[in-house]
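To be precise, the following lines are work.cif, and they hold mmCIF, C-alpha atoms.
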data_data
loop_
_atom_site.label_atom_id
_atom_site.label_comp_id
_atom_site.auth_asym_id
_atom_site.auth_seq_id
_atom_site.Cartn_x
_atom_site.Cartn_y
_atom_site.Cartn_z
CA MET A 13 56.88 48.79 41.91
CA LYS A 14 55.39 47.25 38.75
CA SER A 15 57.56 44.13 39.06
CA TRP A 16 56.59 43.71 42.73
CA VAL A 17 52.89 43.91 41.87
CA THR A 18 53.34 41.43 39.00
CA GLN A 19 55.09 38.93 41.26
CA LEU A 20 52.46 39.34 43.96
CA ARG A 21 49.61 38.80 41.49
CA LYS A 22 51.34 35.78 40.01
CA GLY A 23 51.66 34.20 43.43
CA LEU A 24 48.01 34.87 44.21
CA ILE A 25 46.43 33.38 41.09
CA GLU A 26 46.48 29.83 42.43
CA PHE A 27 44.98 31.08 45.69
CA CYS A 28 42.20 32.91 43.80
CA VAL A 29 41.43 29.95 41.50
CA ILE A 30 41.11 27.58 44.45
CA ASN A 31 38.84 30.05 46.23
CA VAL A 32 36.61 30.44 43.18
CA LEU A 33 36.06 26.68 43.33
CA SER A 34 35.60 26.58 47.09
CA ASN A 35 31.81 26.28 47.07
CA SER A 36 30.90 24.74 43.75
CA GLU A 37 32.28 23.37 40.52
CA SER A 38 32.82 25.70 37.61
CA TYR A 39 34.07 25.66 34.02
CA GLY A 40 37.01 27.58 32.59
CA TYR A 41 35.13 30.49 31.03
CA GLU A 42 33.17 31.06 34.23
CA ILE A 43 36.35 30.96 36.36
CA VAL A 44 38.12 33.43 34.08
CA THR A 45 35.08 35.73 34.05
CA GLN A 46 34.88 35.71 37.85
CA LEU A 47 38.57 36.42 38.21
CA LYS A 48 38.50 39.14 35.55
CA ALA A 49 35.91 40.88 37.70
CA LEU A 50 38.67 41.38 40.30
CA GLU A 51 40.23 44.25 38.39
CA VAL A 52 43.08 44.56 40.84
CA MET A 53 44.27 41.06 39.89
CA ASP A 54 44.50 41.84 36.15
CA VAL A 55 43.83 38.18 35.26
CA THR A 56 43.61 36.83 31.70
CA GLU A 57 43.13 33.38 30.15
CA SER A 58 46.85 32.91 29.63
CA THR A 59 47.41 33.09 33.36
CA VAL A 60 44.40 31.03 34.49
CA TYR A 61 44.39 28.01 32.17
CA PRO A 62 47.98 26.89 32.79
CA VAL A 63 47.28 27.18 36.54
CA LEU A 64 44.11 25.06 36.20
CA SER A 65 46.08 22.44 34.30
CA ARG A 66 48.84 22.41 36.92
CA LEU A 67 46.40 22.17 39.83
CA LYS A 68 44.68 19.26 38.09
CA ASN A 69 48.01 17.49 37.52
CA ASP A 70 48.97 18.08 41.13
CA GLY A 71 45.73 16.41 42.23
CA TYR A 72 44.04 19.48 43.73
CA LEU A 73 41.32 19.61 41.07
CA LYS A 74 39.22 17.03 39.30
CA VAL A 75 37.45 17.45 35.98
CA ARG A 76 34.00 16.35 34.86
CA SER A 77 32.89 16.65 31.23
CA GLU A 78 29.36 17.60 30.28
CA PRO A 79 27.92 17.96 26.76
CA SER A 80 27.43 21.53 25.63
CA ASN A 81 24.96 23.04 23.14
CA SER A 82 27.82 24.80 21.42
CA GLY A 83 31.21 23.29 20.71
CA PRO A 84 33.01 20.51 22.56
CA PRO A 85 31.85 19.15 25.96
CA ARG A 86 32.34 21.56 28.83
CA ARG A 87 34.97 20.68 31.45
CA TYR A 88 33.81 21.38 34.98
CA PHE A 89 36.51 21.79 37.61
CA SER A 90 36.01 21.07 41.29
CA LEU A 91 38.26 20.64 44.32
CA THR A 92 39.41 17.18 45.35
CA GLN A 93 39.82 16.26 48.99
CA ILE A 94 43.43 17.40 49.01
CA GLY A 95 42.28 20.49 47.11
CA GLN A 96 39.90 21.27 50.00
CA GLN A 97 42.77 20.82 52.46
CA ARG A 98 44.92 23.10 50.32
CA LEU A 99 42.14 25.71 50.34
CA GLU A 100 41.94 25.62 54.14
CA GLN A 101 45.73 25.85 54.49
CA MET A 102 45.97 28.74 52.05
CA ASN A 103 43.11 30.67 53.63
CA ALA A 104 44.58 30.15 57.11
CA TYR A 105 47.99 31.31 55.91
CA TRP A 106 46.47 34.32 54.11
CA ASP A 107 44.67 35.39 57.31
CA LEU A 108 47.86 34.99 59.32
CA LEU A 109 49.89 36.93 56.76
CA ASN A 110 47.33 39.71 56.64
CA GLU A 111 47.19 39.95 60.40
CA SER A 112 50.98 39.96 60.78
CA ILE A 113 51.51 42.62 58.14
CA ASP A 114 48.77 44.78 59.65
CA THR A 115 50.41 44.43 63.06
CA LEU A 116 53.78 45.36 61.57
CA ARG A 117 52.40 48.40 59.80
CA GLN A 118 50.54 49.58 62.88
CA SER A 119 53.57 49.14 65.13
CA ARG A 120 55.64 51.21 62.67
CA GLY A 121 52.87 53.78 62.41
CA GLY A 122 52.58 53.01 58.68
CA ASN A 123 49.60 53.87 56.59
CA MET B 20 24.12 27.95 15.64
CA GLU B 21 26.94 26.06 13.95
CA LEU B 22 30.22 27.76 13.14
CA SER B 23 31.30 28.02 9.51
CA LYS B 24 34.39 26.26 8.19
CA SER B 25 36.31 29.54 7.97
CA GLU B 26 35.41 30.40 11.57
CA LEU B 27 36.51 26.97 12.78
CA SER B 28 39.71 27.41 10.79
CA LEU B 29 40.37 30.75 12.52
CA ILE B 30 39.91 29.11 15.93
CA LYS B 31 42.20 26.24 14.96
CA SER B 32 44.91 28.66 13.78
CA TYR B 33 44.79 30.48 17.11
CA LEU B 34 44.93 27.21 19.08
CA ASP B 35 47.85 25.97 16.98
CA ALA B 36 49.71 29.21 17.65
CA VAL B 37 49.11 28.81 21.40
CA ARG B 38 50.12 25.14 21.28
CA ALA B 39 53.45 26.16 19.78
CA GLN B 40 54.17 28.33 22.82
CA ILE B 41 53.29 25.84 25.56
CA THR B 42 55.59 23.08 26.73
CA GLY B 43 54.95 20.20 29.07
CA PRO B 44 52.37 17.48 29.42
CA GLY B 45 49.62 19.86 30.62
CA ARG B 46 49.57 21.40 27.16
CA ASP B 47 46.65 19.44 25.73
CA ASP B 48 44.47 20.21 28.76
CA THR B 49 45.25 23.89 28.46
CA ILE B 50 44.48 23.89 24.73
CA ALA B 51 41.19 22.04 25.35
CA ASP B 52 40.25 24.62 28.00
CA ILE B 53 41.07 27.55 25.71
CA GLU B 54 38.97 25.99 22.93
CA LEU B 55 36.05 25.66 25.35
CA HIS B 56 36.63 29.24 26.48
CA ILE B 57 36.33 30.45 22.89
CA HIS B 58 33.08 28.54 22.32
CA ALA B 59 31.64 29.78 25.63
CA ALA B 60 32.59 33.38 24.76
CA ILE B 61 30.93 33.05 21.33
CA GLU B 62 27.80 31.63 22.96
CA ALA B 63 27.75 34.47 25.51
CA ARG B 64 28.00 37.08 22.75
CA ARG B 65 25.23 35.43 20.76
CA LYS B 66 23.01 35.47 23.83
CA ASP B 67 23.66 39.19 24.07
CA CYS B 68 22.35 39.39 20.49
CA MET B 69 25.60 40.74 19.16
CA GLU B 70 26.00 40.77 15.40
CA GLY B 71 28.90 40.90 12.96
CA ASP B 72 32.12 38.92 13.13
CA ILE B 73 31.65 37.39 16.58
CA VAL B 74 34.45 34.81 16.23
CA GLY B 75 36.91 37.49 15.10
CA ALA B 76 35.90 39.72 18.01
CA VAL B 77 36.29 36.88 20.53
CA LEU B 78 39.70 35.95 19.17
CA ASP B 79 40.80 39.59 19.24
CA GLU B 80 39.91 39.78 22.91
CA LEU B 81 42.02 36.76 23.84
CA ASP B 82 45.63 36.99 24.92
CA ALA B 83 48.22 36.82 22.17
CA PRO B 84 49.65 33.28 21.82
CA GLU B 85 53.06 34.59 22.99
CA GLN B 86 51.50 35.28 26.39
CA TYR B 87 51.42 31.52 26.97
CA ARG B 88 55.18 31.22 26.66
CA PRO B 89 56.73 30.00 29.95
CA THR B 90 58.14 32.83 32.00
CA GLN B 91 61.85 33.19 32.63
CA ASP B 92 61.22 31.97 36.16
CA GLN B 93 59.69 28.71 34.88
CA SER B 94 62.47 28.24 32.32
CA ASP B 95 65.09 28.72 35.02
CA ARG B 96 63.51 26.02 37.17
CA ALA B 97 63.34 23.50 34.30
CA SER B 98 65.66 20.54 34.63
CA LEU B 99 66.32 17.26 32.88
CA THR B 100 64.73 14.12 34.30
CA ILE B 101 67.61 12.30 35.93
CA TYR B 102 65.69 9.00 35.99
CA GLY B 103 65.10 9.09 32.24
CA LEU B 104 68.72 10.06 31.64
CA ILE B 105 70.18 7.23 33.77
CA GLY B 106 67.67 4.74 32.28
CA ALA B 107 68.63 5.66 28.73
CA CYS B 108 72.35 5.54 29.61
CA LEU B 109 71.93 1.96 30.95
CA LEU B 110 70.68 0.61 27.62
CA PRO B 111 74.12 0.52 25.88
CA LEU B 112 75.23 -1.95 28.58
CA THR B 113 73.25 -4.57 26.63
CA ILE B 114 75.57 -4.20 23.62
CA PRO B 115 78.01 -6.98 24.71
CA ILE B 116 75.09 -9.40 25.10
CA ILE B 117 73.71 -8.41 21.70
CA GLY B 118 77.19 -9.04 20.27
CA HIS B 119 77.32 -12.40 21.99
CA VAL B 120 73.94 -13.44 20.61
CA ALA B 121 75.02 -12.29 17.12
CA GLU B 122 78.17 -14.33 17.47
CA LEU B 123 76.08 -17.44 18.17
CA THR B 124 74.09 -17.03 14.93
CA PRO B 125 75.36 -18.09 11.47
CA ILE B 126 76.45 -14.44 10.89
CA GLY B 127 78.99 -14.73 13.70
CA GLU B 128 80.76 -17.76 12.38
CA GLY B 129 84.50 -17.08 12.27
CA SER B 130 84.15 -14.01 14.52
CA PRO B 131 87.51 -12.78 15.86
CA MET B 132 86.13 -12.27 19.39
CA PRO B 133 84.94 -15.64 20.74
CA ALA B 134 87.63 -15.59 23.47
CA PHE B 135 86.22 -12.33 24.80
CA TYR B 136 82.94 -14.05 25.64
CA GLN B 137 84.84 -16.61 27.73
CA SER B 138 86.72 -13.95 29.69
CA THR B 139 86.16 -13.19 33.39
CA LEU B 140 85.37 -9.56 32.51
CA TYR B 141 82.48 -10.62 30.31
CA GLN B 142 81.25 -13.57 32.36
CA PHE B 143 81.25 -11.86 35.75
CA VAL B 144 80.85 -8.15 34.97
CA LEU B 145 79.44 -7.32 31.54
CA LEU B 146 77.03 -10.25 31.25
CA PRO B 147 75.28 -9.68 34.64
CA LEU B 148 75.26 -5.92 34.06
CA GLY B 149 73.87 -6.31 30.55
CA ALA B 150 71.20 -8.71 31.80
CA ILE B 151 69.97 -6.53 34.68
CA SER B 152 70.33 -3.08 33.07
CA PRO B 153 67.23 -3.36 30.77
CA LEU B 154 65.04 -4.08 33.79
CA ILE B 155 66.45 -1.13 35.74
CA ALA B 156 66.15 1.05 32.62
CA MET B 157 62.45 0.17 32.30
CA VAL B 158 61.75 1.10 35.93
CA LEU B 159 63.74 4.35 35.70
CA GLY B 160 62.09 5.14 32.36
CA TRP B 161 58.64 4.72 33.89
CA VAL B 162 59.56 6.96 36.84
CA GLY B 163 61.02 9.52 34.39
CA VAL B 164 57.84 9.51 32.27
CA GLN B 165 55.66 10.05 35.35
CA GLU B 166 57.99 12.77 36.61
CA CYS B 167 57.77 14.67 33.30
CA ARG B 168 54.01 14.20 33.02
CA LEU B 169 53.31 15.54 36.48
CA SER B 170 55.84 18.38 36.47
CA ASN B 171 53.87 20.57 34.05
CA GLY B 172 56.93 21.42 32.00
CA VAL B 173 59.39 21.84 34.87
CA LYS B 174 61.04 18.51 34.00
CA TYR B 175 62.08 17.91 30.41
CA GLY B 176 63.67 14.92 28.66
CA PHE B 177 60.36 13.12 28.10
CA PRO B 178 61.53 11.32 24.91
CA LEU B 179 64.65 10.19 26.78
CA ALA B 180 62.49 8.65 29.53
CA VAL B 181 60.29 6.94 26.91
CA ILE B 182 63.39 5.49 25.23
CA ALA B 183 64.50 4.10 28.61
CA LEU B 184 61.01 2.67 29.17
CA VAL B 185 60.47 0.98 25.81
CA GLY B 186 64.13 0.52 24.81
CA ALA B 187 64.62 -2.82 26.57
CA PRO B 188 61.50 -4.55 25.17
CA MET B 189 62.37 -3.19 21.74
CA ILE B 190 65.91 -4.56 22.02
CA CYS B 191 64.50 -7.99 22.95
CA VAL B 192 62.05 -8.01 20.04
CA ASN B 193 64.72 -6.81 17.61
CA LEU B 194 67.16 -9.40 18.88
CA PHE B 195 64.60 -12.11 18.28
CA VAL B 196 63.91 -10.78 14.76
CA PHE B 197 67.67 -10.65 14.16
CA ILE B 198 68.17 -14.29 15.24
CA VAL B 199 65.37 -15.45 12.93
CA TYR B 200 66.68 -13.23 10.14
CA ALA B 201 70.27 -14.45 10.51
CA ASN B 202 69.18 -18.07 10.49
CA VAL B 203 66.94 -17.58 7.46
CA VAL B 204 69.32 -15.49 5.36
CA TYR B 205 72.65 -17.05 6.28
CA GLY B 206 71.45 -20.44 7.44
CA SER B 207 70.03 -23.27 5.48
CA TYR B 208 66.98 -21.31 4.21
CA ALA B 209 68.74 -18.73 2.04
CA ILE B 210 66.44 -15.99 0.62
CA PRO B 211 67.13 -13.35 -2.07
CA SER B 212 69.18 -10.36 -0.85
CA LEU B 213 66.53 -7.85 -2.01
CA LEU B 214 63.93 -9.55 0.17
CA ALA B 215 66.39 -9.57 3.07
CA MET B 216 66.93 -5.83 2.62
CA LEU B 217 63.17 -5.22 2.55
CA ILE B 218 62.76 -7.15 5.80
CA LEU B 219 65.43 -4.98 7.47
CA VAL B 220 63.80 -1.75 6.25
CA LEU B 221 60.43 -2.99 7.51
CA VAL B 222 61.88 -3.81 10.95
CA LEU B 223 63.49 -0.34 11.12
CA PHE B 224 60.22 1.32 10.11
CA VAL B 225 58.26 -0.62 12.75
CA ASN B 226 60.78 0.42 15.43
CA VAL B 227 60.50 4.11 14.58
CA TRP B 228 56.71 3.85 14.41
CA ILE B 229 56.48 2.16 17.83
CA LEU B 230 58.74 4.81 19.39
CA ARG B 231 56.86 7.75 17.88
CA ARG B 232 53.49 6.29 18.79
CA THR B 233 54.57 5.57 22.37
CA ILE B 234 55.80 9.14 22.85
CA ALA B 235 52.63 10.61 21.32
CA ARG B 236 50.30 8.41 23.37
CA ALA B 237 52.18 9.06 26.61
CA GLN B 238 52.02 12.81 26.01
CA VAL B 239 48.29 12.74 25.23
CA SER B 240 47.45 10.68 28.31
CA GLY B 241 49.49 13.10 30.40
#
Produce structure tokens that represent the structure in this file.
Amino acid sequence: MKSWVTQLRKGLIEFCVINVLSNSESYGYEIVTQLKALEVMDVTESTVYPVLSRLKNDGYLKVRSEPSNSGPPRRYFSLTQIGQQRLEQMNAYWDLLNESIDTLRQSRGGN
Amino acid sequence: MELSKSELSLIKSYLDAVRAQITGPGRDDTIADIELHIHAAIEARRKDCMEGDIVGAVLDELDAPEQYRPTQDQSDRASLTIYGLIGACLLPLTIPIIGHVAELTPIGEGSPMPAFYQSTLYQFVLLPLGAISPLIAMVLGWVGVQECRLSNGVKYGFPLAVIALVGAPMICVNLFVFIVYANVVYGSYAIPSLLAMLILVLVLFVNVWILRRTIARAQVSG
């Protein structure tokens, strides 16, 4: 059970990160804080930052630097055009998956 | 409020420990993001008027550096860049041409192999292959470097791809240096052997420096 949940969470992190950035840009700390609020996801920095880096390398995210009062300049992440397309595809697939699994569970009388 | 030297040193130690766990070209971005995360967390705690060892508390809350180690799943998917490998393997094909050029300098006088350079095998197979292979190696090396940079650690063999990319230009430059060197040392402008040795050591040092710098720069820009 634990392994299944871990795998499921791992697969959903990218989906969650892209959704966090769906409406506005955000910086790493803010993204991690928002995702940590989803207790069911059990997200930490070590899971989020490598995903942010990969999404940027894959061209789904772009980065803008802005000077900060404390420490190095802040890096703001936002979705690129293909990132927006990815968001729409993922959300559409998530809805379809949800609907299909609900239908399956109902037809089997599951709870 | 500025951080003290000891606090900055603590942060650096943590980042170094994380850096040691991460592989792939996305590493520097991830480290930069974690550093920003630490500073943002410190700022947030200060805004909440927290007192005491804030940096220590923030670092304690972060994941252990080992958590950044690639998972078994990622390690299983990792594979060598085939472009970099083929590119690097093509470079030795230039050896017969290098030998030929050496044979044409004063060093090669009395060489036992001049007939080989007149042979059909050399003229029609090894010479064309040796001439074209550096160009192909450069293209494959460039593709290999891009492949590694964009794969986020899934493709390894980055130094191999860099060798394929810069190997051919380095061979050309070294060959030119060698021709000049051979003509100066063994030709009509003889120079002391100690000076000749120093020149060789300098050329070797420059080669290693160029290679190391190219790899480092390519990784940073990744």
Could you tell me, as a ChimeraX atom specification, exactly which residues end up selected when the PyMOL selection byres ((chain B) within 6 of (chain A)) is applied to this structure?
/B:45,49,56,58,87,169
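The spacing separating atom CA of Asp35 of chain B from atom CA of Pro89 of chain B amounts to 16.2 Å.
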Using only C-alpha atoms, the residue out of B:Leu140, B:Ile190, B:Leu104, B:Val220 with shortest distance to Gly163 of chain B is B:Leu104
Which residues come within 8 Å of segment 222-232 of chain B, counting all atoms listed in the file, excluding same-chain residues fewer than 6 positions away, as number ranges by chain?
B: 181-182, 185, 189, 193
Could you write out that same residue set with C-alpha atoms as a compact mmCIF listing (two decimals), keeping the file's coordinate frame?
# COMPACT_ATOMS: atom_id res chain seq x y z
CA VAL B 181 60.29 6.94 26.91
CA ILE B 182 63.39 5.49 25.23
CA VAL B 185 60.47 0.98 25.81
CA MET B 189 62.37 -3.19 21.74
CA ASN B 193 64.72 -6.81 17.61
Once the PyMOL selection byres ((chain A and resi 24-36) around 9) has been evaluated on this model, what residues remain selected, and can you format them as a PyMOL selection string?
chain A and resi 19-23+37-38+43-44+46-47+53+55+59-60+63-64+67+72-73+89-91+95-96+98-99+102-103
